[in-house]
file structure39.tsv (TSV, N, CA and C atoms and all ligand atoms)
chain	number	residue	atom	x	y	z
A	1	MET	N	-16.76	6.84	-14.85
A	1	MET	CA	-15.62	5.95	-14.70
A	1	MET	C	-14.37	6.64	-15.24
A	2	LEU	N	-13.26	6.41	-14.53
A	2	LEU	CA	-11.99	6.99	-14.98
A	2	LEU	C	-11.01	5.87	-15.29
A	3	LYS	N	-10.20	6.06	-16.33
A	3	LYS	CA	-9.13	5.11	-16.65
A	3	LYS	C	-7.80	5.74	-16.28
A	4	VAL	N	-6.99	4.98	-15.54
A	4	VAL	CA	-5.68	5.50	-15.14
A	4	VAL	C	-4.58	4.57	-15.64
A	5	LYS	N	-3.44	5.14	-15.92
A	5	LYS	CA	-2.26	4.37	-16.31
A	5	LYS	C	-1.48	4.01	-15.06
A	6	LEU	N	-1.19	2.73	-14.90
A	6	LEU	CA	-0.48	2.23	-13.72
A	6	LEU	C	0.85	1.59	-14.12
A	7	GLY	N	1.57	1.07	-13.13
A	7	GLY	CA	2.81	0.37	-13.40
A	7	GLY	C	4.05	1.14	-12.98
A	8	ARG	N	3.83	2.19	-12.21
A	8	ARG	CA	4.97	2.97	-11.71
A	8	ARG	C	5.06	2.83	-10.19
A	9	ASP	N	6.18	3.26	-9.63
A	9	ASP	CA	6.36	3.18	-8.18
A	9	ASP	C	5.40	4.10	-7.43
A	10	THR	N	4.83	5.08	-8.12
A	10	THR	CA	3.96	6.07	-7.48
A	10	THR	C	2.47	5.74	-7.64
A	11	ASP	N	2.15	4.51	-8.05
A	11	ASP	CA	0.75	4.15	-8.30
A	11	ASP	C	-0.15	4.41	-7.09
A	12	LYS	N	0.27	3.95	-5.92
A	12	LYS	CA	-0.60	4.08	-4.74
A	12	LYS	C	-0.82	5.55	-4.39
A	13	GLU	N	0.23	6.33	-4.45
A	13	GLU	CA	0.11	7.76	-4.17
A	13	GLU	C	-0.87	8.42	-5.15
A	14	MET	N	-0.77	8.05	-6.43
A	14	MET	CA	-1.67	8.62	-7.43
A	14	MET	C	-3.13	8.23	-7.15
A	15	ILE	N	-3.36	6.94	-6.85
A	15	ILE	CA	-4.72	6.49	-6.58
A	15	ILE	C	-5.28	7.17	-5.34
A	16	GLU	N	-4.48	7.29	-4.30
A	16	GLU	CA	-4.95	7.98	-3.09
A	16	GLU	C	-5.32	9.43	-3.40
A	17	THR	N	-4.56	10.06	-4.27
A	17	THR	CA	-4.86	11.44	-4.66
A	17	THR	C	-6.20	11.50	-5.40
A	18	ILE	N	-6.40	10.57	-6.32
A	18	ILE	CA	-7.68	10.52	-7.05
A	18	ILE	C	-8.82	10.27	-6.06
A	19	ARG	N	-8.61	9.36	-5.14
A	19	ARG	CA	-9.66	9.02	-4.17
A	19	ARG	C	-9.96	10.18	-3.21
A	20	SER	N	-9.06	11.10	-3.09
A	20	SER	CA	-9.33	12.26	-2.22
A	20	SER	C	-10.30	13.24	-2.88
A	21	VAL	N	-10.54	13.07	-4.18
A	21	VAL	CA	-11.44	14.00	-4.87
A	21	VAL	C	-12.64	13.33	-5.53
A	22	THR	N	-12.62	12.00	-5.72
A	22	THR	CA	-13.77	11.34	-6.35
A	22	THR	C	-13.85	9.87	-5.95
A	23	ASP	N	-15.10	9.38	-5.90
A	23	ASP	CA	-15.35	7.96	-5.64
A	23	ASP	C	-15.74	7.22	-6.93
A	24	LYS	N	-15.61	7.87	-8.07
A	24	LYS	CA	-15.97	7.22	-9.33
A	24	LYS	C	-15.21	5.90	-9.49
A	25	PRO	N	-15.87	4.89	-10.09
A	25	PRO	CA	-15.15	3.64	-10.38
A	25	PRO	C	-13.94	3.92	-11.28
A	26	LEU	N	-12.88	3.11	-11.08
A	26	LEU	CA	-11.66	3.26	-11.86
A	26	LEU	C	-11.38	2.01	-12.67
A	27	THR	N	-10.80	2.20	-13.85
A	27	THR	CA	-10.16	1.09	-14.55
A	27	THR	C	-8.68	1.45	-14.66
A	28	GLY	N	-7.83	0.41	-14.70
A	28	GLY	CA	-6.39	0.67	-14.73
A	28	GLY	C	-5.71	-0.08	-15.85
A	29	ASP	N	-4.79	0.59	-16.51
A	29	ASP	CA	-3.96	-0.04	-17.55
A	29	ASP	C	-2.53	-0.07	-17.05
A	30	VAL	N	-2.04	-1.27	-16.75
A	30	VAL	CA	-0.70	-1.41	-16.18
A	30	VAL	C	0.37	-1.42	-17.28
A	31	ASN	N	-0.05	-1.65	-18.52
A	31	ASN	CA	0.91	-1.67	-19.63
A	31	ASN	C	2.10	-2.58	-19.36
A	32	GLN	N	1.81	-3.79	-18.83
A	32	GLN	CA	2.81	-4.84	-18.58
A	32	GLN	C	3.80	-4.46	-17.47
A	33	GLY	N	3.39	-3.53	-16.61
A	33	GLY	CA	4.35	-2.97	-15.65
A	33	GLY	C	4.60	-3.75	-14.39
A	34	TRP	N	3.78	-4.77	-14.10
A	34	TRP	CA	4.02	-5.54	-12.87
A	34	TRP	C	4.84	-6.77	-13.24
A	35	LYS	N	6.08	-6.83	-12.76
A	35	LYS	CA	6.99	-7.91	-13.15
A	35	LYS	C	6.93	-9.12	-12.22
A	36	ASP	N	6.37	-8.93	-11.04
A	36	ASP	CA	6.38	-9.97	-10.02
A	36	ASP	C	4.95	-10.35	-9.65
A	37	LYS	N	4.65	-11.65	-9.64
A	37	LYS	CA	3.26	-12.08	-9.44
A	37	LYS	C	2.74	-11.74	-8.04
A	38	GLU	N	3.61	-11.82	-7.03
A	38	GLU	CA	3.17	-11.50	-5.67
A	38	GLU	C	2.86	-10.01	-5.53
A	39	LYS	N	3.68	-9.20	-6.17
A	39	LYS	CA	3.42	-7.75	-6.16
A	39	LYS	C	2.13	-7.46	-6.92
A	40	ALA	N	1.92	-8.14	-8.04
A	40	ALA	CA	0.69	-7.95	-8.82
A	40	ALA	C	-0.52	-8.32	-7.98
A	41	LEU	N	-0.45	-9.43	-7.26
A	41	LEU	CA	-1.58	-9.86	-6.42
A	41	LEU	C	-1.85	-8.83	-5.32
A	42	GLU	N	-0.81	-8.36	-4.70
A	42	GLU	CA	-0.98	-7.35	-3.64
A	42	GLU	C	-1.64	-6.10	-4.21
A	43	MET	N	-1.21	-5.69	-5.37
A	43	MET	CA	-1.79	-4.49	-5.99
A	43	MET	C	-3.25	-4.71	-6.38
A	44	LEU	N	-3.58	-5.88	-6.89
A	44	LEU	CA	-4.98	-6.17	-7.25
A	44	LEU	C	-5.88	-6.02	-6.03
A	45	HIS	N	-5.46	-6.58	-4.90
A	45	HIS	CA	-6.27	-6.46	-3.68
A	45	HIS	C	-6.37	-5.00	-3.23
A	46	TRP	N	-5.25	-4.33	-3.24
A	46	TRP	CA	-5.21	-2.92	-2.80
A	46	TRP	C	-6.11	-2.07	-3.68
A	47	LEU	N	-6.07	-2.29	-4.97
A	47	LEU	CA	-6.88	-1.50	-5.90
A	47	LEU	C	-8.36	-1.86	-5.80
A	48	LYS	N	-8.67	-3.13	-5.61
A	48	LYS	CA	-10.08	-3.52	-5.48
A	48	LYS	C	-10.72	-2.82	-4.29
A	49	GLU	N	-9.97	-2.71	-3.20
A	49	GLU	CA	-10.48	-2.03	-2.00
A	49	GLU	C	-10.79	-0.56	-2.29
A	50	ARG	N	-10.23	-0.03	-3.36
A	50	ARG	CA	-10.44	1.37	-3.73
A	50	ARG	C	-11.30	1.52	-4.98
A	51	ASN	N	-12.15	0.52	-5.21
A	51	ASN	CA	-13.12	0.57	-6.31
A	51	ASN	C	-12.48	0.61	-7.69
A	52	MET	N	-11.40	-0.16	-7.87
A	52	MET	CA	-10.85	-0.40	-9.21
A	52	MET	C	-11.59	-1.60	-9.76
A	53	VAL	N	-12.30	-1.43	-10.88
A	53	VAL	CA	-13.19	-2.48	-11.36
A	53	VAL	C	-12.60	-3.32	-12.50
A	54	MET	N	-11.50	-2.88	-13.10
A	54	MET	CA	-10.91	-3.63	-14.19
A	54	MET	C	-9.44	-3.26	-14.33
A	55	ILE	N	-8.60	-4.27	-14.62
A	55	ILE	CA	-7.17	-4.03	-14.85
A	55	ILE	C	-6.81	-4.58	-16.23
A	56	GLU	N	-6.06	-3.80	-16.98
A	56	GLU	CA	-5.63	-4.16	-18.33
A	56	GLU	C	-4.12	-4.43	-18.33
A	57	GLN	N	-3.71	-5.49	-19.02
A	57	GLN	CA	-2.29	-5.82	-19.21
A	57	GLN	C	-1.45	-5.71	-17.94
A	58	PRO	N	-1.76	-6.53	-16.94
A	58	PRO	CA	-1.02	-6.39	-15.67
A	58	PRO	C	0.45	-6.77	-15.75
A	59	MET	N	0.77	-7.81	-16.55
A	59	MET	CA	2.14	-8.32	-16.55
A	59	MET	C	2.68	-8.37	-17.98
A	60	PRO	N	4.00	-8.54	-18.12
A	60	PRO	CA	4.60	-8.58	-19.45
A	60	PRO	C	3.96	-9.62	-20.37
A	61	LYS	N	3.89	-9.30	-21.66
A	61	LYS	CA	3.14	-10.15	-22.59
A	61	LYS	C	3.71	-11.56	-22.72
A	62	ARG	N	4.97	-11.77	-22.41
A	62	ARG	CA	5.55	-13.11	-22.50
A	62	ARG	C	5.54	-13.86	-21.17
A	63	THR	N	4.78	-13.34	-20.21
A	63	THR	CA	4.66	-14.03	-18.92
A	63	THR	C	4.07	-15.43	-19.13
A	64	ASP	N	4.68	-16.41	-18.48
A	64	ASP	CA	4.19	-17.78	-18.56
A	64	ASP	C	2.71	-17.83	-18.17
A	65	LEU	N	1.92	-18.52	-18.97
A	65	LEU	CA	0.48	-18.57	-18.73
A	65	LEU	C	0.13	-19.18	-17.37
A	66	THR	N	1.00	-20.05	-16.86
A	66	THR	CA	0.70	-20.63	-15.54
A	66	THR	C	0.78	-19.55	-14.46
A	67	ILE	N	1.62	-18.56	-14.65
A	67	ILE	CA	1.71	-17.46	-13.69
A	67	ILE	C	0.45	-16.59	-13.77
A	68	LEU	N	0.01	-16.30	-14.99
A	68	LEU	CA	-1.21	-15.50	-15.14
A	68	LEU	C	-2.42	-16.26	-14.59
A	69	ALA	N	-2.45	-17.57	-14.82
A	69	ALA	CA	-3.55	-18.38	-14.29
A	69	ALA	C	-3.53	-18.37	-12.77
A	70	TRP	N	-2.33	-18.47	-12.18
A	70	TRP	CA	-2.21	-18.41	-10.72
A	70	TRP	C	-2.72	-17.08	-10.20
A	71	LEU	N	-2.36	-16.01	-10.87
A	71	LEU	CA	-2.77	-14.67	-10.43
A	71	LEU	C	-4.30	-14.55	-10.48
A	72	ASP	N	-4.88	-14.96	-11.59
A	72	ASP	CA	-6.33	-14.89	-11.76
A	72	ASP	C	-7.04	-15.74	-10.72
A	73	ARG	N	-6.60	-16.98	-10.57
A	73	ARG	CA	-7.27	-17.91	-9.66
A	73	ARG	C	-7.12	-17.46	-8.20
A	74	THR	N	-5.92	-17.06	-7.82
A	74	THR	CA	-5.67	-16.67	-6.43
A	74	THR	C	-6.48	-15.44	-6.06
A	75	PHE	N	-6.49	-14.46	-6.94
A	75	PHE	CA	-7.26	-13.24	-6.69
A	75	PHE	C	-8.76	-13.54	-6.65
A	76	THR	N	-9.25	-14.21	-7.66
A	76	THR	CA	-10.68	-14.49	-7.77
A	76	THR	C	-11.17	-15.36	-6.62
A	77	ASP	N	-10.42	-16.39	-6.28
A	77	ASP	CA	-10.84	-17.30	-5.22
A	77	ASP	C	-10.96	-16.59	-3.87
A	78	SER	N	-10.17	-15.55	-3.67
A	78	SER	CA	-10.20	-14.89	-2.37
A	78	SER	C	-11.51	-14.11	-2.17
A	79	TYR	N	-12.23	-13.86	-3.25
A	79	TYR	CA	-13.50	-13.14	-3.15
A	79	TYR	C	-14.72	-13.99	-3.44
A	80	TYR	N	-14.57	-14.95	-4.32
A	80	TYR	CA	-15.76	-15.62	-4.86
A	80	TYR	C	-15.84	-17.11	-4.60
A	81	ARG	N	-14.89	-17.67	-3.85
A	81	ARG	CA	-14.94	-19.11	-3.60
A	81	ARG	C	-16.12	-19.45	-2.70
B	1	MG	MG	-3.27	-0.52	-22.96
call {"tool": "encode", "arguments": {"input": "structure39.tsv", "output": "C-alpha cells", "more": "lines below"}}
Ligand SMILES: [Mg+2]
result
Amino acid sequence: MLKVKLGRDTDKEMIETIRSVTDKPLTGDVNQGWKDKEKALEMLHWLKERNMVMIEQPMPKRTDLTILAWLDRTFTDSYYR
C-alpha cells in the first residue's frame, strides 16, 4: 500500500502516473485541501475507481459537520445502499 499527499491541482495527473507503474492500493492524505463539497465528492469517486482505499482529512477542520455528513452519506450511499 502507498500513501500519497493530495489536495493540489495536479492530483489526478499524479495518480495517473502512479497507476501507470503500480496497481498497489493507495491511501490519500488531503491535508484539508478540498474546499468545495461537490469537488470533494467528485474526487472521492474518481479515486475509488483507481483503488484508493482511504482518504485522510479531506476538508478544512472547521468545515460544518452537516457538510461532512453530506459528503460521507452521499458517497457511501452511491455504493452501499
Ligand atoms: Mg495528515
call {"tool": "residues_near_ligand", "arguments": {"input": "structure39.tsv", "ligand": "ligand MG 1 (chain B)", "cutoff": "8 Å", "atoms": "only C-alpha atoms and all ligand atoms", "output": "list in words"}}
result
Asp29, Val30, Asn31, Glu56 and Gln57 of chain A
call {"tool": "closest_residue", "arguments": {"input": "structure39.tsv", "among": "A:Met52, A:Asp11, A:Tyr80, A:Met59", "to": "Glu38 in chain A", "atoms": "only C-alpha atoms"}}
result
A:Met59
call {"tool": "select_by_dssp", "arguments": {"input": "structure39.tsv", "residues": "chain A", "states": "alpha helix (DSSP H)", "output": "PyMOL selection string"}}
result
chain A and resi 11-19+37-48+65-80
call {"tool": "write_last_selection", "arguments": {"input": "structure39.tsv", "atoms": "N, CA and C atoms", "output": "mmCIF file, keeping the file's coordinate frame"}}
result
data_model
loop_
_atom_site.group_PDB
_atom_site.id
_atom_site.type_symbol
_atom_site.label_atom_id
_atom_site.label_comp_id
_atom_site.auth_asym_id
_atom_site.auth_seq_id
_atom_site.Cartn_x
_atom_site.Cartn_y
_atom_site.Cartn_z
ATOM 1 N N ASP A 11 2.150 4.510 -8.050
ATOM 2 C CA ASP A 11 0.750 4.150 -8.300
ATOM 3 C C ASP A 11 -0.150 4.410 -7.090
ATOM 4 N N LYS A 12 0.270 3.950 -5.920
ATOM 5 C CA LYS A 12 -0.600 4.080 -4.740
ATOM 6 C C LYS A 12 -0.820 5.550 -4.390
ATOM 7 N N GLU A 13 0.230 6.330 -4.450
ATOM 8 C CA GLU A 13 0.110 7.760 -4.170
ATOM 9 C C GLU A 13 -0.870 8.420 -5.150
ATOM 10 N N MET A 14 -0.770 8.050 -6.430
ATOM 11 C CA MET A 14 -1.670 8.620 -7.430
ATOM 12 C C MET A 14 -3.130 8.230 -7.150
ATOM 13 N N ILE A 15 -3.360 6.940 -6.850
ATOM 14 C CA ILE A 15 -4.720 6.490 -6.580
ATOM 15 C C ILE A 15 -5.280 7.170 -5.340
ATOM 16 N N GLU A 16 -4.480 7.290 -4.300
ATOM 17 C CA GLU A 16 -4.950 7.980 -3.090
ATOM 18 C C GLU A 16 -5.320 9.430 -3.400
ATOM 19 N N THR A 17 -4.560 10.060 -4.270
ATOM 20 C CA THR A 17 -4.860 11.440 -4.660
ATOM 21 C C THR A 17 -6.200 11.500 -5.400
ATOM 22 N N ILE A 18 -6.400 10.570 -6.320
ATOM 23 C CA ILE A 18 -7.680 10.520 -7.050
ATOM 24 C C ILE A 18 -8.820 10.270 -6.060
ATOM 25 N N ARG A 19 -8.610 9.360 -5.140
ATOM 26 C CA ARG A 19 -9.660 9.020 -4.170
ATOM 27 C C ARG A 19 -9.960 10.180 -3.210
ATOM 28 N N LYS A 37 4.650 -11.650 -9.640
ATOM 29 C CA LYS A 37 3.260 -12.080 -9.440
ATOM 30 C C LYS A 37 2.740 -11.740 -8.040
ATOM 31 N N GLU A 38 3.610 -11.820 -7.030
ATOM 32 C CA GLU A 38 3.170 -11.500 -5.670
ATOM 33 C C GLU A 38 2.860 -10.010 -5.530
ATOM 34 N N LYS A 39 3.680 -9.200 -6.170
ATOM 35 C CA LYS A 39 3.420 -7.750 -6.160
ATOM 36 C C LYS A 39 2.130 -7.460 -6.920
ATOM 37 N N ALA A 40 1.920 -8.140 -8.040
ATOM 38 C CA ALA A 40 0.690 -7.950 -8.820
ATOM 39 C C ALA A 40 -0.520 -8.320 -7.980
ATOM 40 N N LEU A 41 -0.450 -9.430 -7.260
ATOM 41 C CA LEU A 41 -1.580 -9.860 -6.420
ATOM 42 C C LEU A 41 -1.850 -8.830 -5.320
ATOM 43 N N GLU A 42 -0.810 -8.360 -4.700
ATOM 44 C CA GLU A 42 -0.980 -7.350 -3.640
ATOM 45 C C GLU A 42 -1.640 -6.100 -4.210
ATOM 46 N N MET A 43 -1.210 -5.690 -5.370
ATOM 47 C CA MET A 43 -1.790 -4.490 -5.990
ATOM 48 C C MET A 43 -3.250 -4.710 -6.380
ATOM 49 N N LEU A 44 -3.580 -5.880 -6.890
ATOM 50 C CA LEU A 44 -4.980 -6.170 -7.250
ATOM 51 C C LEU A 44 -5.880 -6.020 -6.030
ATOM 52 N N HIS A 45 -5.460 -6.580 -4.900
ATOM 53 C CA HIS A 45 -6.270 -6.460 -3.680
ATOM 54 C C HIS A 45 -6.370 -5.000 -3.230
ATOM 55 N N TRP A 46 -5.250 -4.330 -3.240
ATOM 56 C CA TRP A 46 -5.210 -2.920 -2.800
ATOM 57 C C TRP A 46 -6.110 -2.070 -3.680
ATOM 58 N N LEU A 47 -6.070 -2.290 -4.970
ATOM 59 C CA LEU A 47 -6.880 -1.500 -5.900
ATOM 60 C C LEU A 47 -8.360 -1.860 -5.800
ATOM 61 N N LYS A 48 -8.670 -3.130 -5.610
ATOM 62 C CA LYS A 48 -10.080 -3.520 -5.480
ATOM 63 C C LYS A 48 -10.720 -2.820 -4.290
ATOM 64 N N LEU A 65 1.920 -18.520 -18.970
ATOM 65 C CA LEU A 65 0.480 -18.570 -18.730
ATOM 66 C C LEU A 65 0.130 -19.180 -17.370
ATOM 67 N N THR A 66 1.000 -20.050 -16.860
ATOM 68 C CA THR A 66 0.700 -20.630 -15.540
ATOM 69 C C THR A 66 0.780 -19.550 -14.460
ATOM 70 N N ILE A 67 1.620 -18.560 -14.650
ATOM 71 C CA ILE A 67 1.710 -17.460 -13.690
ATOM 72 C C ILE A 67 0.450 -16.590 -13.770
ATOM 73 N N LEU A 68 0.010 -16.300 -14.990
ATOM 74 C CA LEU A 68 -1.210 -15.500 -15.140
ATOM 75 C C LEU A 68 -2.420 -16.260 -14.590
ATOM 76 N N ALA A 69 -2.450 -17.570 -14.820
ATOM 77 C CA ALA A 69 -3.550 -18.380 -14.290
ATOM 78 C C ALA A 69 -3.530 -18.370 -12.770
ATOM 79 N N TRP A 70 -2.330 -18.470 -12.180
ATOM 80 C CA TRP A 70 -2.210 -18.410 -10.720
ATOM 81 C C TRP A 70 -2.720 -17.080 -10.200
ATOM 82 N N LEU A 71 -2.360 -16.010 -10.870
ATOM 83 C CA LEU A 71 -2.770 -14.670 -10.430
ATOM 84 C C LEU A 71 -4.300 -14.550 -10.480
ATOM 85 N N ASP A 72 -4.880 -14.960 -11.590
ATOM 86 C CA ASP A 72 -6.330 -14.890 -11.760
ATOM 87 C C ASP A 72 -7.040 -15.740 -10.720
ATOM 88 N N ARG A 73 -6.600 -16.980 -10.570
ATOM 89 C CA ARG A 73 -7.270 -17.910 -9.660
ATOM 90 C C ARG A 73 -7.120 -17.460 -8.200
ATOM 91 N N THR A 74 -5.920 -17.060 -7.820
ATOM 92 C CA THR A 74 -5.670 -16.670 -6.430
ATOM 93 C C THR A 74 -6.480 -15.440 -6.060
ATOM 94 N N PHE A 75 -6.490 -14.460 -6.940
ATOM 95 C CA PHE A 75 -7.260 -13.240 -6.690
ATOM 96 C C PHE A 75 -8.760 -13.540 -6.650
ATOM 97 N N THR A 76 -9.250 -14.210 -7.660
ATOM 98 C CA THR A 76 -10.680 -14.490 -7.770
ATOM 99 C C THR A 76 -11.170 -15.360 -6.620
ATOM 100 N N ASP A 77 -10.420 -16.390 -6.280
ATOM 101 C CA ASP A 77 -10.840 -17.300 -5.220
ATOM 102 C C ASP A 77 -10.960 -16.590 -3.870
ATOM 103 N N SER A 78 -10.170 -15.550 -3.670
ATOM 104 C CA SER A 78 -10.200 -14.890 -2.370
ATOM 105 C C SER A 78 -11.510 -14.110 -2.170
ATOM 106 N N TYR A 79 -12.230 -13.860 -3.250
ATOM 107 C CA TYR A 79 -13.500 -13.140 -3.150
ATOM 108 C C TYR A 79 -14.720 -13.990 -3.440
ATOM 109 N N TYR A 80 -14.570 -14.950 -4.320
ATOM 110 C CA TYR A 80 -15.760 -15.620 -4.860
ATOM 111 C C TYR A 80 -15.840 -17.110 -4.600
#
call {"tool": "atom_distance", "arguments": {"input": "structure39.tsv", "atom1": "CA of Lys39 in chain A", "atom2": "CA of Lys5 in chain A"}}
result
16.8 Å
call {"tool": "atom_distance", "arguments": {"input": "structure39.tsv", "atom1": "CA of Lys61 in chain A", "atom2": "atom N of Thr76 in chain A"}}
result
19.8 Å
call {"tool": "atom_distance", "arguments": {"input": "structure39.tsv", "atom1": "atom C of Thr17 in chain A", "atom2": "atom C of Ile55 in chain A"}}
result
19.4 Å
call {"tool": "select_by_dssp", "arguments": {"input": "structure39.tsv", "residues": "chain A", "states": "strand (DSSP E)", "output": "list in words"}}
result
Leu2, Lys3, Val4, Lys5, Leu26, Thr27, Gly28, Asp29, Met52, Val53, Met54, Ile55 and Glu56 of chain A
call {"tool": "residues_around", "arguments": {"input": "structure39.tsv", "residues": "Ile18 in chain A", "least_positions_apart": "4", "cutoff": "12 Å", "atoms": "only C-alpha atoms", "output": "list in words"}}
result
Met1, Leu2, Lys3, Val4, Asp11, Lys12, Glu13, Met14, Thr22, Asp23, Lys24, Pro25, Leu26, Arg50, Asn51 and Met52 of chain A
call {"tool": "write_last_selection", "arguments": {"input": "structure39.tsv", "atoms": "N, CA and C atoms", "output": "PDB file, in the frame of the given file"}}
result
ATOM      1  N   MET A   1     -16.760   6.840 -14.850  1.00  0.00           N
ATOM      2  CA  MET A   1     -15.620   5.950 -14.700  1.00  0.00           C
ATOM      3  C   MET A   1     -14.370   6.640 -15.240  1.00  0.00           C
ATOM      4  N   LEU A   2     -13.260   6.410 -14.530  1.00  0.00           N
ATOM      5  CA  LEU A   2     -11.990   6.990 -14.980  1.00  0.00           C
ATOM      6  C   LEU A   2     -11.010   5.870 -15.290  1.00  0.00           C
ATOM      7  N   LYS A   3     -10.200   6.060 -16.330  1.00  0.00           N
ATOM      8  CA  LYS A   3      -9.130   5.110 -16.650  1.00  0.00           C
ATOM      9  C   LYS A   3      -7.800   5.740 -16.280  1.00  0.00           C
ATOM     10  N   VAL A   4      -6.990   4.980 -15.540  1.00  0.00           N
ATOM     11  CA  VAL A   4      -5.680   5.500 -15.140  1.00  0.00           C
ATOM     12  C   VAL A   4      -4.580   4.570 -15.640  1.00  0.00           C
ATOM     13  N   ASP A  11       2.150   4.510  -8.050  1.00  0.00           N
ATOM     14  CA  ASP A  11       0.750   4.150  -8.300  1.00  0.00           C
ATOM     15  C   ASP A  11      -0.150   4.410  -7.090  1.00  0.00           C
ATOM     16  N   LYS A  12       0.270   3.950  -5.920  1.00  0.00           N
ATOM     17  CA  LYS A  12      -0.600   4.080  -4.740  1.00  0.00           C
ATOM     18  C   LYS A  12      -0.820   5.550  -4.390  1.00  0.00           C
ATOM     19  N   GLU A  13       0.230   6.330  -4.450  1.00  0.00           N
ATOM     20  CA  GLU A  13       0.110   7.760  -4.170  1.00  0.00           C
ATOM     21  C   GLU A  13      -0.870   8.420  -5.150  1.00  0.00           C
ATOM     22  N   MET A  14      -0.770   8.050  -6.430  1.00  0.00           N
ATOM     23  CA  MET A  14      -1.670   8.620  -7.430  1.00  0.00           C
ATOM     24  C   MET A  14      -3.130   8.230  -7.150  1.00  0.00           C
ATOM     25  N   THR A  22     -12.620  12.000  -5.720  1.00  0.00           N
ATOM     26  CA  THR A  22     -13.770  11.340  -6.350  1.00  0.00           C
ATOM     27  C   THR A  22     -13.850   9.870  -5.950  1.00  0.00           C
ATOM     28  N   ASP A  23     -15.100   9.380  -5.900  1.00  0.00           N
ATOM     29  CA  ASP A  23     -15.350   7.960  -5.640  1.00  0.00           C
ATOM     30  C   ASP A  23     -15.740   7.220  -6.930  1.00  0.00           C
ATOM     31  N   LYS A  24     -15.610   7.870  -8.070  1.00  0.00           N
ATOM     32  CA  LYS A  24     -15.970   7.220  -9.330  1.00  0.00           C
ATOM     33  C   LYS A  24     -15.210   5.900  -9.490  1.00  0.00           C
ATOM     34  N   PRO A  25     -15.870   4.890 -10.090  1.00  0.00           N
ATOM     35  CA  PRO A  25     -15.150   3.640 -10.380  1.00  0.00           C
ATOM     36  C   PRO A  25     -13.940   3.920 -11.280  1.00  0.00           C
ATOM     37  N   LEU A  26     -12.880   3.110 -11.080  1.00  0.00           N
ATOM     38  CA  LEU A  26     -11.660   3.260 -11.860  1.00  0.00           C
ATOM     39  C   LEU A  26     -11.380   2.010 -12.670  1.00  0.00           C
ATOM     40  N   ARG A  50     -10.230  -0.030  -3.360  1.00  0.00           N
ATOM     41  CA  ARG A  50     -10.440   1.370  -3.730  1.00  0.00           C
ATOM     42  C   ARG A  50     -11.300   1.520  -4.980  1.00  0.00           C
ATOM     43  N   ASN A  51     -12.150   0.520  -5.210  1.00  0.00           N
ATOM     44  CA  ASN A  51     -13.120   0.570  -6.310  1.00  0.00           C
ATOM     45  C   ASN A  51     -12.480   0.610  -7.690  1.00  0.00           C
ATOM     46  N   MET A  52     -11.400  -0.160  -7.870  1.00  0.00           N
ATOM     47  CA  MET A  52     -10.850  -0.400  -9.210  1.00  0.00           C
ATOM     48  C   MET A  52     -11.590  -1.600  -9.760  1.00  0.00           C
TER      49      MET A  52
END
call {"tool": "residues_around", "arguments": {"input": "structure39.tsv", "residues": "Asp64 in chain A", "least_positions_apart": "5", "cutoff": "12 Å", "atoms": "only C-alpha atoms", "output": "number ranges by chain"}}
result
A: 35-37, 59, 69-71
call {"tool": "residues_near_point", "arguments": {"input": "structure39.tsv", "point": "(-5.3, -10.7, -6.5)", "cutoff": "10 Å", "atoms": "only C-alpha atoms", "output": "VMD selection string"}}
result
chain A and resid 37 to 48 70 to 79
call {"tool": "closest_residue", "arguments": {"input": "structure39.tsv", "among": "A:Val21, A:Thr27, A:Gly7, A:Glu16", "to": "Pro60 in chain A", "atoms": "only C-alpha atoms"}}
result
A:Gly7
call {"tool": "closest_residue", "arguments": {"input": "structure39.tsv", "among": "A:Ile15, A:Ile67, A:Leu6, A:Val53", "to": "Gln32 in chain A", "atoms": "only C-alpha atoms"}}
result
A:Leu6
